[in-house]
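Text of input_14.txt (compact mmCIF, C-alpha atoms) as supplied:
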# COMPACT_ATOMS: atom_id res chain seq x y z
CA MET A 1 0.00 0.00 0.00
CA SER A 2 1.68 3.19 -1.18
CA ARG A 3 -1.07 5.77 -0.79
CA CYS A 4 -1.49 7.54 2.52
CA LEU A 5 -4.45 6.68 4.72
CA ARG A 6 -7.63 8.71 4.71
CA ASP A 7 -8.83 10.48 7.85
CA ARG A 8 -11.68 8.01 8.16
CA THR A 9 -9.29 5.10 8.09
CA LEU A 10 -7.11 6.75 10.72
CA LEU A 11 -10.12 7.07 12.98
CA LEU A 12 -11.03 3.43 12.37
CA LEU A 13 -7.49 2.44 13.33
CA TYR A 14 -7.77 4.59 16.44
CA GLU A 15 -10.96 2.69 17.26
CA GLY A 16 -9.03 -0.57 17.03
CA GLU A 17 -10.36 -1.53 13.63
CA GLY A 18 -8.88 -1.46 10.16
CA THR A 19 -7.02 -4.09 8.17
CA ALA A 20 -3.54 -5.49 8.70
CA VAL A 21 -2.38 -3.73 5.54
CA GLN A 22 -3.56 -0.38 6.88
CA ARG A 23 -1.83 -0.99 10.20
CA GLY A 24 1.31 -1.94 8.34
CA HIS A 25 1.18 1.28 6.36
CA LEU A 26 0.66 3.29 9.52
CA SER A 27 3.70 1.77 11.14
CA LYS A 28 5.89 2.51 8.10
CA CYS A 29 4.60 5.87 6.83
CA GLU A 30 5.98 8.73 8.87
CA PHE A 31 3.44 11.22 7.54
CA CYS A 32 0.48 9.00 8.45
CA GLY A 33 2.11 8.28 11.80
CA VAL A 34 2.22 12.00 12.58
CA ARG A 35 -1.39 12.43 11.47
CA TYR A 36 -2.45 9.53 13.66
CA GLN A 37 -0.66 10.98 16.67
CA ARG A 38 -2.34 14.34 16.08
CA LEU A 39 -5.73 12.71 15.81
CA ALA A 40 -5.19 10.84 19.06
CA ARG A 41 -3.97 13.99 20.79
CA ASP A 42 -6.91 16.07 19.48
CA LEU A 43 -9.47 13.53 20.63
CA GLU A 44 -7.86 13.37 24.04
CA ARG A 45 -7.84 17.15 24.39
CA ILE A 46 -11.43 17.54 23.19
CA GLY A 47 -12.64 14.83 25.56
CA GLN A 48 -10.73 16.40 28.44
CA ALA A 49 -12.05 19.89 27.69
CA LEU A 50 -15.64 18.66 27.51
CA ARG A 51 -15.29 16.98 30.90
CA GLU A 52 -14.64 20.41 32.40
CA GLU A 53 -17.25 23.02 33.20
CA PRO A 54 -18.79 24.67 30.12
CA PRO A 55 -18.25 28.43 29.96
CA PRO A 56 -21.54 30.28 30.46
CA GLY A 57 -23.10 33.24 28.67
CA GLU A 58 -21.99 33.75 25.11
CA VAL A 59 -21.21 30.17 24.31
CA VAL A 60 -24.44 28.87 25.71
CA ARG A 61 -26.46 31.50 23.90
CA GLY A 62 -24.72 30.41 20.73
CA PHE A 63 -25.98 26.97 21.48
CA TYR A 64 -29.64 27.85 21.32
CA ARG A 65 -29.44 30.24 18.41
CA PRO A 66 -28.70 27.70 15.65
CA VAL A 67 -31.50 25.49 16.90
CA VAL A 68 -34.01 27.86 15.26
CA PRO A 69 -34.21 26.90 11.58
CA TRP A 70 -35.03 30.39 10.35
CA LEU A 71 -34.64 29.49 6.72
CA SER A 72 -37.00 26.54 7.05
CA VAL A 73 -39.49 28.61 9.02
CA ALA A 74 -39.45 31.37 6.41
CA ALA A 75 -39.79 28.89 3.56
CA GLY A 76 -42.67 27.17 5.34
CA LEU A 77 -44.46 30.47 5.86
CA MET A 78 -44.04 31.40 2.22
CA VAL A 79 -45.44 28.06 1.09
CA ALA A 80 -48.36 28.34 3.52
CA LEU A 81 -49.18 31.84 2.29
CA ALA A 82 -48.97 30.77 -1.34
CA LEU A 83 -51.24 27.80 -0.69
CA ALA A 84 -53.76 29.92 1.18
CA TRP A 85 -53.79 32.55 -1.56
CA GLY A 86 -54.09 29.89 -4.26
CA GLY A 87 -56.91 28.18 -2.39
CA LEU A 88 -58.83 31.41 -2.03
CA TRP A 89 -58.37 32.21 -5.68
CA THR A 90 -59.60 28.78 -6.75
CA TRP A 91 -62.62 28.57 -4.52
CA ASN A 92 -63.76 32.18 -4.70
CA PRO A 93 -62.85 33.64 -8.11
CA THR A 94 -65.63 36.31 -8.24
CA PRO A 95 -64.98 39.48 -6.32
CA PRO A 96 -67.14 39.72 -3.24
CA VAL A 97 -70.21 42.00 -3.32
CA PRO A 98 -69.73 45.04 -1.10
CA THR A 99 -71.74 44.49 2.01
CA ASP A 100 -73.04 48.07 2.29
CA ARG A 101 -74.42 47.96 -1.22
CA ALA A 102 -76.12 44.65 -0.56
CA ASP A 103 -77.65 45.85 2.69
CA ASN A 104 -79.01 49.06 1.14
CA GLU A 105 -80.51 47.40 -1.93
CA GLU A 106 -84.07 48.15 -0.91
CA VAL A 107 -83.27 51.73 -0.02
CA TRP A 108 -81.58 52.28 -3.36
CA SER A 109 -84.51 50.85 -5.35
CA PHE A 110 -86.97 52.94 -3.34
CA LEU A 111 -84.96 56.08 -3.97
CA GLU A 112 -84.72 55.35 -7.67
CA GLU A 113 -88.47 54.75 -7.94
CA THR A 114 -89.25 57.89 -5.97
CA SER A 115 -86.97 60.12 -7.97
CA THR A 116 -88.33 58.73 -11.23
CA ALA A 117 -91.92 59.41 -10.14
CA LEU A 118 -91.12 62.91 -8.98
CA LEU A 119 -89.18 63.95 -12.03
CA MET A 120 -91.43 62.49 -14.74
CA PRO A 121 -92.20 65.42 -17.21
CA ASP A 122 -96.03 64.90 -17.53
CA THR A 123 -96.65 64.67 -13.83
CA ALA A 124 -94.60 67.77 -13.16
CA SER A 125 -96.41 70.02 -15.66
CA GLY A 126 -99.85 68.76 -14.57
CA ALA A 127 -99.11 69.67 -10.99
CA GLU A 128 -98.03 73.13 -12.05
CA ASP A 129 -101.25 73.73 -14.05
CA ALA A 130 -103.41 72.66 -11.15
CA SER A 131 -101.61 74.99 -8.82
CA GLN A 132 -102.03 77.88 -11.24
CA ALA A 133 -105.79 77.20 -11.65
CA SER A 134 -106.51 77.07 -7.94
CA ASP A 135 -104.58 80.23 -7.08
CA PHE A 136 -105.95 82.40 -9.93
CA PRO A 137 -108.98 84.14 -8.17
CA TYR A 138 -106.83 85.07 -5.16
CA VAL A 139 -104.08 86.45 -7.29
CA SER A 140 -106.63 88.51 -9.26
CA ALA A 141 -108.17 89.90 -6.01
CA ALA A 142 -104.75 90.85 -4.74
CA LEU A 143 -104.19 92.80 -7.95
CA GLY A 144 -107.30 94.96 -7.31
CA GLU A 145 -110.04 92.97 -8.86
CA GLU A 146 -113.24 91.93 -7.06
CA LEU A 147 -112.83 89.43 -4.26
CA PRO A 148 -114.71 86.30 -5.09
CA CYS A 149 -117.57 85.37 -2.77
CA GLU A 150 -117.66 82.36 -0.54
CA GLY A 151 -118.52 79.12 -2.21
CA VAL A 152 -117.44 80.53 -5.49
CA ASP A 153 -117.31 78.32 -8.38
CA LEU A 154 -114.20 79.33 -10.12
CA PHE A 155 -115.43 78.22 -13.50
CA PHE A 156 -119.12 79.26 -13.37
CA GLY A 157 -119.05 82.52 -11.32
CA CYS A 158 -120.92 83.56 -8.09
CA GLU A 159 -124.20 81.96 -7.12
CA GLY A 160 -125.73 85.19 -5.84
CA MET B 1 -15.72 -6.37 42.31
CA ASP B 2 -14.94 -2.66 42.19
CA GLU B 3 -15.23 -2.72 38.41
CA GLU B 4 -18.50 -4.57 38.66
CA ARG B 5 -19.74 -2.03 41.16
CA GLU B 6 -18.65 0.80 38.88
CA ARG B 7 -20.63 -0.72 36.02
CA GLY B 8 -23.68 -1.03 38.24
CA LEU B 9 -23.95 -4.78 37.86
CA ASP B 10 -24.15 -5.35 41.58
CA ASN B 11 -27.35 -5.53 43.50
CA PRO B 12 -27.13 -2.46 45.73
CA THR B 13 -28.76 -2.61 49.09
CA SER B 14 -30.28 0.83 48.78
CA TYR B 15 -31.26 3.51 46.32
CA GLU B 16 -28.73 5.86 47.93
CA GLU B 17 -25.95 3.50 46.98
CA LEU B 18 -27.05 3.49 43.37
CA TYR B 19 -27.39 7.25 43.41
CA SER B 20 -23.89 7.88 44.70
CA ALA B 21 -22.42 5.32 42.29
CA HIS B 22 -23.89 6.96 39.19
CA ARG B 23 -24.45 10.58 40.11
CA GLN B 24 -21.24 11.94 38.61
CA GLN B 25 -21.68 10.12 35.34
CA VAL B 26 -25.28 11.27 34.86
CA LEU B 27 -24.40 14.83 35.80
CA ARG B 28 -21.44 14.87 33.40
CA ILE B 29 -23.50 13.61 30.46
CA CYS B 30 -26.21 16.18 31.13
CA ARG B 31 -23.68 18.97 31.48
CA VAL B 32 -21.99 18.18 28.18
CA LEU B 33 -25.26 17.78 26.30
CA LEU B 34 -26.93 20.85 27.80
CA ALA B 35 -23.87 23.09 28.25
CA ASP B 36 -25.31 24.47 31.45
CA ARG B 37 -24.49 23.32 34.96
CA HIS B 38 -27.77 24.37 36.58
CA GLU B 39 -29.85 22.92 33.79
CA ALA B 40 -27.82 19.72 34.00
CA GLU B 41 -28.51 19.41 37.71
CA GLU B 42 -32.25 19.82 37.14
CA VAL B 43 -32.31 17.16 34.45
CA ALA B 44 -30.12 14.85 36.53
CA GLN B 45 -32.68 15.12 39.33
CA GLU B 46 -35.41 14.09 36.90
CA VAL B 47 -33.30 11.14 35.81
CA PHE B 48 -32.76 9.98 39.38
CA LEU B 49 -36.43 10.34 40.11
CA LYS B 50 -37.12 7.97 37.23
CA MET B 51 -34.44 5.66 38.56
CA PHE B 52 -36.08 5.73 41.98
CA ARG B 53 -39.41 4.66 40.49
CA ALA B 54 -37.72 1.95 38.43
CA TYR B 55 -35.80 0.79 41.46
CA GLN B 56 -39.00 0.42 43.47
CA THR B 57 -40.62 -1.77 40.84
CA GLN B 58 -37.46 -3.75 40.11
CA ASP B 59 -37.11 -7.41 41.01
CA HIS B 60 -34.33 -7.12 43.59
CA THR B 61 -33.48 -10.80 43.44
CA GLN B 62 -31.83 -10.25 40.04
CA ALA B 63 -28.87 -7.99 39.39
CA MET B 64 -29.50 -5.18 36.95
CA ASP B 65 -27.00 -3.24 34.87
CA TRP B 66 -28.06 0.31 35.66
CA LYS B 67 -25.37 2.12 33.69
CA PRO B 68 -26.81 1.68 30.16
CA TRP B 69 -30.32 2.34 31.46
CA LEU B 70 -29.26 5.54 33.21
CA THR B 71 -27.23 6.69 30.22
CA ARG B 72 -30.14 6.15 27.86
CA VAL B 73 -32.58 7.92 30.18
CA SER B 74 -30.14 10.81 30.63
CA VAL B 75 -29.58 11.27 26.90
CA ASN B 76 -33.32 11.19 26.23
CA ALA B 77 -34.04 13.64 29.05
CA CYS B 78 -31.43 16.05 27.69
CA ARG B 79 -32.92 15.75 24.22
CA ASP B 80 -36.39 16.51 25.56
CA ARG B 81 -35.08 19.47 27.53
CA ARG B 82 -33.36 20.95 24.50
CA ARG B 83 -36.50 20.60 22.41
CA THR B 84 -38.57 22.48 24.93
CA GLY B 85 -35.92 24.97 25.96
CA TRP B 86 -36.82 27.94 23.76
CA TRP B 87 -37.37 30.25 26.67
CA LYS B 88 -33.89 29.59 27.95
CA TRP B 89 -32.33 31.69 25.23
CA TRP B 90 -33.80 34.78 26.82
CA ARG B 91 -33.03 33.74 30.37
CA LEU B 92 -29.42 32.93 29.60
CA ALA B 93 -28.81 36.33 28.07
CA ASN B 94 -28.49 37.70 31.58
CA ILE B 95 -26.19 35.09 33.05
CA GLU B 96 -23.04 36.59 34.47
CA TYR B 97 -19.61 35.04 34.30
CA ARG B 98 -18.46 34.09 37.78
CA GLU B 99 -14.83 33.21 38.44
CA THR B 100 -15.87 30.90 41.26
CA ASP B 101 -17.64 28.67 38.74
CA HIS B 102 -14.36 28.16 36.90
CA PRO B 103 -11.52 27.31 39.23
CA SER B 104 -8.07 27.67 37.71
CA ARG B 105 -6.96 24.11 38.61
CA GLY B 106 -3.44 25.25 39.42
CA ARG B 107 -2.54 26.55 35.96
CA THR B 108 -0.42 29.57 35.20
CA PRO B 109 -2.33 32.68 34.04
CA GLU B 110 -1.12 32.12 30.48
CA GLU B 111 -2.23 28.49 30.51
CA GLU B 112 -5.50 29.58 31.98
CA VAL B 113 -6.15 32.07 29.17
CA LEU B 114 -5.26 29.51 26.52
CA SER B 115 -7.39 26.89 28.18
CA ARG B 116 -10.40 29.18 28.33
CA GLU B 117 -9.92 30.21 24.73
CA LEU B 118 -9.80 26.58 23.68
CA GLN B 119 -12.82 25.81 25.82
CA ARG B 120 -14.81 28.62 24.29
CA HIS B 121 -14.01 27.56 20.74
CA LEU B 122 -14.48 23.92 21.56
CA TRP B 123 -17.93 24.39 23.04
CA LEU B 124 -19.01 26.58 20.16
CA ALA B 125 -17.82 23.95 17.70
CA PHE B 126 -19.40 21.16 19.72
CA ARG B 127 -22.76 22.93 19.76
CA LYS B 128 -22.76 23.08 15.99
CA LEU B 129 -22.81 19.29 15.79
CA SER B 130 -26.16 17.58 15.36
CA ALA B 131 -27.83 16.28 18.53
CA ARG B 132 -27.02 12.71 17.57
CA GLN B 133 -23.38 13.49 16.85
CA GLN B 134 -23.07 15.21 20.23
CA GLU B 135 -24.57 12.22 22.00
CA VAL B 136 -22.37 9.69 20.23
CA PHE B 137 -19.23 11.78 20.74
CA THR B 138 -19.98 12.33 24.42
CA LEU B 139 -20.51 8.69 25.18
CA ARG B 140 -17.48 7.57 23.20
CA TYR B 141 -14.82 10.19 24.03
CA VAL B 142 -16.06 11.76 27.25
CA GLU B 143 -17.54 8.73 28.98
CA GLY B 144 -15.23 6.23 27.34
CA PHE B 145 -17.87 3.79 26.10
CA SER B 146 -16.87 1.39 23.35
CA THR B 147 -18.49 1.76 19.94
CA GLU B 148 -20.67 -1.27 20.65
CA GLU B 149 -21.75 0.08 24.02
CA VAL B 150 -22.69 3.40 22.43
CA ALA B 151 -24.69 1.56 19.78
CA GLU B 152 -26.49 -0.52 22.37
CA THR B 153 -27.20 2.42 24.67
CA LEU B 154 -28.53 4.68 21.94
CA ARG B 155 -30.19 1.79 20.10
CA MET B 156 -28.33 2.38 16.88
CA SER B 157 -26.26 0.14 14.66
CA ALA B 158 -22.50 0.11 15.15
CA GLY B 159 -22.06 1.36 11.59
CA SER B 160 -24.29 4.32 12.28
CA VAL B 161 -22.32 5.14 15.43
CA LYS B 162 -19.08 5.10 13.43
CA ARG B 163 -20.54 7.37 10.77
CA HIS B 164 -21.70 9.87 13.38
CA LEU B 165 -18.35 9.67 15.14
CA PHE B 166 -16.38 10.30 11.99
CA ARG B 167 -18.51 13.29 10.99
CA ALA B 168 -18.32 14.73 14.50
CA VAL B 169 -14.54 14.33 14.73
CA HIS B 170 -14.02 15.72 11.23
CA GLN B 171 -16.22 18.75 11.90
CA LEU B 172 -14.70 19.46 15.30
CA ARG B 173 -11.12 19.30 14.05
CA ARG B 174 -11.95 21.47 11.07
CA SER B 175 -13.70 24.06 13.25
CA LEU B 176 -11.01 24.15 15.90
CA GLY B 177 -8.07 24.21 13.51
CA ASP B 178 -5.11 25.85 15.22
CA HIS B 179 -6.82 26.08 18.59
CA LEU B 180 -6.07 22.42 19.29

Kindly present the structure from the file in structure tokens form.
Amino acid sequence: MSRCLRDRTLLLLYEGEGTAVQRGHLSKCEFCGVRYQRLARDLERIGQALREEPPPGEVVRGFYRPVVPWLSVAAGLMVALALAWGGLWTWNPTPPVPTDRADNEEVWSFLEETSTALLMPDTASGAEDASQASDFPYVSAALGEELPCEGVDLFFGCEG
Amino acid sequence: MDEERERGLDNPTSYEELYSAHRQQVLRICRVLLADRHEAEEVAQEVFLKMFRAYQTQDHTQAMDWKPWLTRVSVNACRDRRRTGWWKWWRLANIEYRETDHPSRGRTPEEEVLSRELQRHLWLAFRKLSARQQEVFTLRYVEGFSTEEVAETLRMSAGSVKRHLFRAVHQLRRSLGDHL
């Protein structure tokens, strides 16, 4: 075996596994021997450091921060919003009727009918004629003419 | 006999005996997995409460190996605590650094600074590992379990334990770089 050992193989050898060929290479190759020694030293130091008290504050806060999968949460929200919007669009394509307009439907129709009746041209002129006819004797009296008697018949004159 | 006692294979005469035999190990696992001494003590109490209940219902005529049971319960309790520990982020923001919590262990000031720097980087790197990688690494290199014992305790295959171990070691060494 001429090629140097991979890190994974070094760890396997550290764990007491690996083949005889790999062990043979490790005993002969100075470079791999140094790497193996470093791996063993690093694992020993890490294990030792973890057995000691963890530093508080900053480090521990750093521990909880990565637990929040912000990217996943944001992506999930976006998908949920898109689905909700799509669902609304599919199930309710027509724009909703304004509630005020719907509630005042009767009032609107009443107002339309009333305004039409009031502003019809024939009705308006007829009312004006009638008003003119009824007020004529009083207008004439006010202008100096003879006051009509009681019970006057405006079209056929006084009875007496 | 001492080794057997250490492994918990004996049949202790009392719960107190079991407690004192395993307290340090349970506390250490919780402390590494939770990175908080006070939190670790709380969870360790929960674990020993479970052990007390199990001890009461146990058939005392047969010896029981408590170590794997306690380790499994401790790891699961820490996992549960981390899942439900959202509020802690806010609480921990106000924790003050107290020198009395970190005795110097007879080092020189320079060694002390280097040690704390390494510790800080190490814990940060360790926290970036997945929960499973942290558990496997802790049992193997902090508690000194064999690969098979880790697999049995965490109910995983030995191959899976090795994969997690390799990834954890690779990531830790890469993150720590020159600090080691």

Contact check, chain B to chain A, at most 6 Å, counting all atoms listed in the file, closest pairs as JSON lines:
{"residue": "B:Ala35", "atom": "CA", "partner": "A:Pro54", "partner_atom": "CA", "distance": 5.6}
{"residue": "B:Ile95", "atom": "CA", "partner": "A:Gly57", "partner_atom": "CA", "distance": 5.7}
{"residue": "B:Leu124", "atom": "CA", "partner": "A:Val59", "partner_atom": "CA", "distance": 5.9}
{"residue": "B:Arg127", "atom": "CA", "partner": "A:Phe63", "partner_atom": "CA", "distance": 5.4}
{"residue": "B:Tyr141", "atom": "CA", "partner": "A:Gly47", "partner_atom": "CA", "distance": 5.4}
{"residue": "B:Val142", "atom": "CA", "partner": "A:Gly47", "partner_atom": "CA", "distance": 4.9}

Point-to-point distance in Å for CA of Glu17 (chain B) and CA of Tyr55 (chain B): 11.6 Å

Using Å and a single decimal, report how far CA of Met156 (chain B) sits from CA of Ala40 (chain B). 24.4 Å

List the neighbours of region 69-73 of chain B out to 9 Å using only C-alpha atoms; skip same-chain residues closer than 4 positions along the sequence, and give me the result as an MDAnalysis selection string. chainID B and resid 22 25:26 29 47:48 50:51 65 77:78 139 153:155

Which one of B:Leu176, B:Leu165, B:Leu18, B:Ala54 sits closest to Lys67 (chain B) if you count all atoms listed in the file? B:Leu18

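With CA of Leu10 (chain A) on one side and CA of Pro68 (chain B) on the other, the separation reads 28.1 Å.
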
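Here the question is which of B:Gln133, B:Gln58, B:Thr147, B:Ser115 gets nearest to Arg167 (chain B) using all atoms listed in the file, and that residue is B:Gln133.
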
Please provide the set of residues having any atom within 10 Å of Gln22 (chain A), restricted to all atoms listed in the file, with same-chain residues fewer than 5 positions apart removed, written as a list in words. Met1, Cys4, Leu5, Thr9, Leu10, Leu13, Glu17, Ser27 and Lys28 of chain A

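Proximity to Phe52 (chain B) was assessed for B:Phe126, B:His38, B:Met64, B:Ser14 counting all atoms listed in the file; the smallest distance is recorded for B:Ser14.
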